[in-house]
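Visitor: Take a look at the following structure, please.
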Amino acid sequence: MRVALLTAPPADPAAALGHRAVLAALAARGVEVLRSAEPFPETAPGPGPSGPGAGTGPGAAGADAAGPEALLVLGGTGCAPASVPELTAWGRAARAAQRAARPVVVAGLGLEAGCAGARARLVRELLGAADLVGLADRTSLAVARRLCPEHPALRVAGDASVLAAPQAHRGLEAPAAGRAADGAGVERPHLLACFEPHDGPFSPGEAAPGLAAVLDALAHRTGGAVTVLGGAPAATAGGETAAAAGGAPAPAAGAPPAPEPTRSPDRPAAPDGAAGVPLSDRVAARLAGPARPTPPAGPESLAAHLAEADWVITSHPDLVRVALAAGTAVLPVATSAYTDDRIEGALTSWGLGGHTVPLAALLTPGPAAWDTRDAAQRWATEALARHEAFCSALASGAPTVRAAAEAWWDDAVTALGGTVPDARPDEAPPPRGVAAPVVTELRRRHARPAVPPVRPTVAVLLRTRGEEAALLARAVDDVLAQTFTDWRLLVVADGADRAAVEAVLAERAEALAGRAEVLHRRRDAGPWAAANRGLRAADSELVVLHDEADRWHPALLQRAVARLEDPLVTDDGVLVRARAAALDLADGAVHETGLGPEPPARGELTLSELVRGGGEAPGVLVHRRAVHDVLGDYDEQLGAAGEWEFRLRFLETFTVGVLDGPVEAVRGRLPAGPAPAAPGGAEREELLVRERHLKQWTAEHGIGLPLHLAREAAEHAGGLHRRLDASEQLLRELLELAREQAVRIERLEAAARDRGLRGLLRRLGRWFRAG
């Protein structure tokens, strides 16, 4: 059978190993793979549905003029979802094969939980043209079933990596050959780390310290040799950098963590500010042990390292799969929500779900640990205690995983032959419970929950009028992109189209995971009536308002919550700086124009600063829900000045810190509608607020002080007016003197011109003419 294969080119050794495993699984079933950019062109020359020579091209293995008999789209799972150009090309080829009456199979397609919009349309077209679809994991399967509920053949694809791996799975008691040894000839565990390619909301400079802390802690407790695989060669080390970090053996169970080794003084700090430095190189530069250059990594080199490794510490989903297939224990770190889904999907197929630590949890651990180093130490200690159980679970689960992979690829080949196979039972393996308890704690607030929390940490109040679906969709995606996931989204719709609002949330049902609720109101009663409706429905520790025109940094909630949970911080609110921007809603999309200047850095928000303001509330305020028990709700009679008025009351009793740094927000401003607000409305609201607070003060303290201050202000203003009048009079006198001086200068210039030879000749001429 000749099959055309379409896939993204492997961008790294781990992806290349997975690609080779797929080719091996197909070859073992008598499938000949043909390579072509367009295996089924729109107009195929010659007779036959596909035309002679279709599907042939450079690099084709055994291709001839017969062309492909079917199409296989290998979606891949990588560190990022398939790009729009890739989905477009795959969908076009799948539709062309469908028109040519050729079977289409999609395998290993990873879909993000919040797949919506144009990407959802492309995925729907691709799946609709396929006879059999194998998704990367159960999250992708749920998204596919939402996009194509009528498709009869959607299932989880078996991992071909386990088919290409050796049958025997080694455990802790079977050391790998070639393991590094110290000077005394004692073998030490081999720790393999790879963090490329990097994808996610945190820059490599932010991610490197947390990852290096984990490697240092693990190397110190195991006394193992660390090998960090990088993508591109560095200036002083190759793409693979090995660091041997010696240390004492692992402590007994229950013993306190040993102190972490100090960094070598001759090791320079990672060049976090340098552009283009790979994440793995940054991590290697921060390790405590010395580094030595090694040859660049390739598929063969990676396979050799996996054969030696006892641990694999990685953020790469493909490397997690091939490591599990090789029987190696993994400590995965997810740099984004997408990589977390893909890694957890691979682990769940072995019954080892819940083993991934989100990178955000290492940067701000929260209640699970005091700081990053504490979290790394706890994770290393508990993972070491469960190493043998993890390897035992891999060995016992290998037959089941292998059988599932065999069954899937048998069905895939059957579908490529033109027959859709019968459905098989879709049951997830039972969890084996070998994940470290600290991982569960770290995941609780930095990974999408399987069950919505009863009382979340943060309630996000999103107010919408539903006039622009693109605006609401962007705001919901904004919340879904947050690296802190212990929140509940309350969408308050004022007079909005119920169906339109529900449709936006339905498209993101998997990503929301039951953490969203829509509160419909029949009429638009104002933004602060909507905020109070959401506030009364919120049962959380913290509250934050999110206007649908605003845009947040992905780490906004994470940094704000970490600041308020710091035991040394006594503030009841934290302000995230914001920049202003105009919004353009052309073509059904949201575009930001005219981004304002970056706000100045400051340590706290003060009442005096807010009083001097012009009725505007800068930034995004995350505050404790309990302050409303003292301050009450928002003022529903106000409009633009409502948030400013609430913050005035807030700062009368509580304090607000300011979160500086790379985390900021953008406060969007929509263009004026057909019925603009009355001129001066914001100014009148500001005067109303000031009048209200003045009356409240005089009711408690009398009107004496305001009268005295008003008299002083009047006298001060009168003095300023008198000084201004005197200045204007002096200016008039100076101008008169200037004019007189100009006349005198003109006369002097005329007299100077009458002197000299020319002047004499002019006088003689006048004398003769007169005479």
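Chain labels run A, B, ... following the order of the structure tokens; each chain numbers its residues from 1, and ligands are numbered from 1 in the order shown.
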List the spatial neighbours of Pro81 (chain A) as a VMD selection string - criterion: any atom at most 8 Å away, only C-alpha atoms, same-chain residues fewer than 3 positions off excluded.
Guide: chain A and resid 77 to 78 110 to 112 338
Visitor: Store the residues picked out above, limited to C-alpha atoms, as a compact mmCIF listing (two decimals), in the first residue's frame.
Guide:
```
# COMPACT_ATOMS: atom_id res chain seq x y z
CA THR A 77 2.27 17.01 19.44
CA GLY A 78 5.36 19.22 19.90
CA GLY A 110 -2.80 17.64 19.44
CA LEU A 111 -5.50 20.30 19.98
CA GLU A 112 -5.42 23.10 22.52
CA TYR A 338 -0.53 23.28 25.75
```
Visitor: Determine which residues of region 332-366 of chain A receive a DSSP assignment of strand (DSSP E or B), computed from the backbone, and state them as a list of chain:residue names.
Guide: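 Residues meeting the strand (DSSP E or B) criterion: A:Pro332, A:Val333, A:Ala334, A:Val357, A:Pro358.
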Visitor: Create the file for the chosen residues now, containing all heavy atoms and written as a CSV table (one decimal), in the first residue's frame.
Guide:
```
chain,number,residue,atom,x,y,z
A,332,PRO,N,8.7,15.9,34.4
A,332,PRO,CA,8.3,16.8,33.4
A,332,PRO,C,8.0,18.2,33.9
A,332,PRO,O,7.3,18.3,35.0
A,332,PRO,CB,7.1,16.2,32.7
A,332,PRO,CG,6.5,15.3,33.7
A,332,PRO,CD,7.6,14.9,34.6
A,333,VAL,N,8.4,19.2,33.2
A,333,VAL,CA,8.0,20.6,33.6
A,333,VAL,C,7.3,21.2,32.4
A,333,VAL,O,7.8,21.2,31.3
A,333,VAL,CB,9.2,21.5,33.9
A,333,VAL,CG1,8.8,22.9,34.3
A,333,VAL,CG2,10.0,20.8,35.1
A,334,ALA,N,6.1,21.7,32.6
A,334,ALA,CA,5.3,22.2,31.5
A,334,ALA,C,5.5,23.8,31.4
A,334,ALA,O,5.2,24.5,32.4
A,334,ALA,CB,3.8,21.9,31.6
A,357,VAL,N,4.8,19.2,36.6
A,357,VAL,CA,4.9,20.5,37.3
A,357,VAL,C,4.8,21.6,36.4
A,357,VAL,O,5.7,21.8,35.5
A,357,VAL,CB,6.1,20.5,38.2
A,357,VAL,CG1,6.2,21.9,38.9
A,357,VAL,CG2,6.1,19.4,39.3
A,358,PRO,N,3.8,22.5,36.5
A,358,PRO,CA,3.8,23.7,35.6
A,358,PRO,C,5.0,24.6,36.0
A,358,PRO,O,5.3,24.8,37.2
A,358,PRO,CB,2.5,24.4,35.9
A,358,PRO,CG,1.7,23.3,36.5
A,358,PRO,CD,2.6,22.4,37.2
```
Visitor: CA of Gly91 (chain A) and CA of Val143 (chain A) are how many Å apart?
Guide: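 Those two atoms sit 17.2 Å apart.
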Visitor: Leu191 (chain A): which residues within 6 Å, counting only C-alpha atoms, same-chain residues fewer than 4 positions away excluded, as a VMD selection string?
Guide: chain A and resid 225 to 226 309 311
Visitor: Can you tell me, as a count of residues only, what residues are no more than 10 Å from Ala513 (chain A) when counting only C-alpha atoms, ignoring any on the same chain fewer than 5 positions away?
Guide: 7
Visitor: Which polymer residues have any atom within 7 Å of an atom of Val434 (chain A), counting only C-alpha atoms, with same-chain residues fewer than 6 positions away left out, as a PyMOL selection string?
Guide: chain A and resi 352+386+389-390
Visitor: Restricting the output to N, CA and C atoms, write the selected residues as a tab-separated table (two decimals), in the first residue's frame.
Guide:
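Written out: part.tsv:
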```tsv
chain	number	residue	atom	x	y	z
A	352	LEU	N	-0.06	7.37	34.78
A	352	LEU	CA	0.84	8.18	35.60
A	352	LEU	C	0.49	9.65	35.55
A	386	ARG	N	10.15	8.00	45.19
A	386	ARG	CA	9.19	7.28	44.36
A	386	ARG	C	9.80	6.77	43.06
A	389	ALA	N	9.12	3.02	42.45
A	389	ALA	CA	7.70	2.79	42.16
A	389	ALA	C	7.36	3.28	40.75
A	390	PHE	N	7.96	4.38	40.34
A	390	PHE	CA	7.70	4.90	39.00
A	390	PHE	C	8.19	3.92	37.94
```
Visitor: Between A:Ala713, A:Val620, A:Val156, A:Ala193, which has the minimum distance to Pro425 (chain A) (counting only C-alpha atoms)?
Guide: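 Answer, going by the shortest atom-to-atom distance: A:Val156.
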Visitor: From the list A:Ala530, A:Cys391, A:Val22, A:Ala538, which residue is nearest Gly327 (chain A) when using only C-alpha atoms?
Guide: A:Cys391
Visitor: Which neighbours of Glu652 (chain A) fall inside 12 Å, counting only C-alpha atoms, when residues of the same chain fewer than 6 positions from it are skipped, and could you give them as a ChimeraX atom specification?
Guide: /A:605-608,610-611,627,630-631,645-646,693
Visitor: For the selection you just gave me, I'd like the residues written to a file as a PDB file, in the first residue's frame, keeping N, CA, C and O atoms.
Guide:
```pdb
ATOM      1  N   LEU A 605       0.318  52.609  46.057  1.00  0.00           N
ATOM      2  CA  LEU A 605      -0.682  53.578  45.662  1.00  0.00           C
ATOM      3  C   LEU A 605      -1.145  54.320  46.907  1.00  0.00           C
ATOM      4  O   LEU A 605      -1.579  53.704  47.882  1.00  0.00           O
ATOM      5  N   THR A 606      -1.056  55.642  46.898  1.00  0.00           N
ATOM      6  CA  THR A 606      -1.372  56.446  48.079  1.00  0.00           C
ATOM      7  C   THR A 606      -2.686  57.189  47.874  1.00  0.00           C
ATOM      8  O   THR A 606      -3.099  57.483  46.738  1.00  0.00           O
ATOM      9  N   LEU A 607      -3.317  57.521  48.993  1.00  0.00           N
ATOM     10  CA  LEU A 607      -4.581  58.246  48.953  1.00  0.00           C
ATOM     11  C   LEU A 607      -4.385  59.654  48.415  1.00  0.00           C
ATOM     12  O   LEU A 607      -5.205  60.159  47.637  1.00  0.00           O
ATOM     13  N   SER A 608      -3.297  60.318  48.818  1.00  0.00           N
ATOM     14  CA  SER A 608      -3.050  61.682  48.338  1.00  0.00           C
ATOM     15  C   SER A 608      -2.895  61.707  46.824  1.00  0.00           C
ATOM     16  O   SER A 608      -3.363  62.632  46.150  1.00  0.00           O
ATOM     17  N   LEU A 610      -4.285  59.594  44.698  1.00  0.00           N
ATOM     18  CA  LEU A 610      -5.578  59.335  44.094  1.00  0.00           C
ATOM     19  C   LEU A 610      -6.497  60.555  44.228  1.00  0.00           C
ATOM     20  O   LEU A 610      -7.295  60.845  43.332  1.00  0.00           O
ATOM     21  N   VAL A 611      -6.398  61.289  45.346  1.00  0.00           N
ATOM     22  CA  VAL A 611      -7.216  62.487  45.535  1.00  0.00           C
ATOM     23  C   VAL A 611      -6.862  63.545  44.504  1.00  0.00           C
ATOM     24  O   VAL A 611      -7.727  64.263  43.987  1.00  0.00           O
ATOM     25  N   VAL A 627     -12.701  42.929  52.065  1.00  0.00           N
ATOM     26  CA  VAL A 627     -12.762  44.383  52.248  1.00  0.00           C
ATOM     27  C   VAL A 627     -14.156  44.924  51.950  1.00  0.00           C
ATOM     28  O   VAL A 627     -14.545  45.971  52.471  1.00  0.00           O
ATOM     29  N   VAL A 630     -16.435  45.648  54.807  1.00  0.00           N
ATOM     30  CA  VAL A 630     -16.212  46.920  55.494  1.00  0.00           C
ATOM     31  C   VAL A 630     -16.626  48.096  54.623  1.00  0.00           C
ATOM     32  O   VAL A 630     -17.265  49.042  55.087  1.00  0.00           O
ATOM     33  N   LEU A 631     -16.277  48.041  53.328  1.00  0.00           N
ATOM     34  CA  LEU A 631     -16.489  49.185  52.441  1.00  0.00           C
ATOM     35  C   LEU A 631     -17.835  49.158  51.738  1.00  0.00           C
ATOM     36  O   LEU A 631     -18.296  50.193  51.254  1.00  0.00           O
ATOM     37  N   GLU A 645     -13.897  56.109  42.745  1.00  0.00           N
ATOM     38  CA  GLU A 645     -14.567  56.336  44.029  1.00  0.00           C
ATOM     39  C   GLU A 645     -14.365  55.158  44.970  1.00  0.00           C
ATOM     40  O   GLU A 645     -14.131  55.332  46.177  1.00  0.00           O
ATOM     41  N   PHE A 646     -14.428  53.915  44.433  1.00  0.00           N
ATOM     42  CA  PHE A 646     -14.218  52.748  45.290  1.00  0.00           C
ATOM     43  C   PHE A 646     -12.790  52.731  45.829  1.00  0.00           C
ATOM     44  O   PHE A 646     -12.571  52.397  46.999  1.00  0.00           O
ATOM     45  N   HIS A 693     -18.184  63.153  49.757  1.00  0.00           N
ATOM     46  CA  HIS A 693     -17.215  62.953  50.829  1.00  0.00           C
ATOM     47  C   HIS A 693     -17.109  64.189  51.714  1.00  0.00           C
ATOM     48  O   HIS A 693     -16.876  64.069  52.929  1.00  0.00           O
TER      49      HIS A 693
END
```
Visitor: Fewer than 5 positions away in the same chain doesn't count, so skip those; otherwise give me all residues within 10 Å of Arg402 (chain A), counting only C-alpha atoms, as a list in words.
Guide: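 Non-adjacent residues within range: Gly158, Asp159, Ala160, Ser161, Val162, Leu163, Ala164, Ala165, Gln167, Ala325, Gly397, Ala407 and Trp408 of chain A.
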Visitor: Go through A:Val569, A:His708, A:Pro431, A:Pro527 one by one, measure the shortest atom-to-atom distance of each to Glu643 (chain A) using only C-alpha atoms, and give the residue with the smallest value.
Guide: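 Ranking A:Val569, A:His708, A:Pro431, A:Pro527 by distance to Glu643 (chain A), first place goes to A:Pro527.
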Visitor: What is the distance between CA of Val438 (chain A) and CA of Ala383 (chain A), in Å to one decimal?
Guide: 9.3 Å
Visitor: Which residue gives the smallest distance to Gly466 (chain A) among A:Pro9, A:Gly114, A:Pro209, A:Gly495, with only C-alpha atoms counted?
Guide: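 Under the stated criterion, the closest residue is A:Gly495.
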Visitor: Could you state the separation of CA of His520 (chain A) and CA of Val460 (chain A) in Å, given to one decimal place?
Guide: 15.9 Å
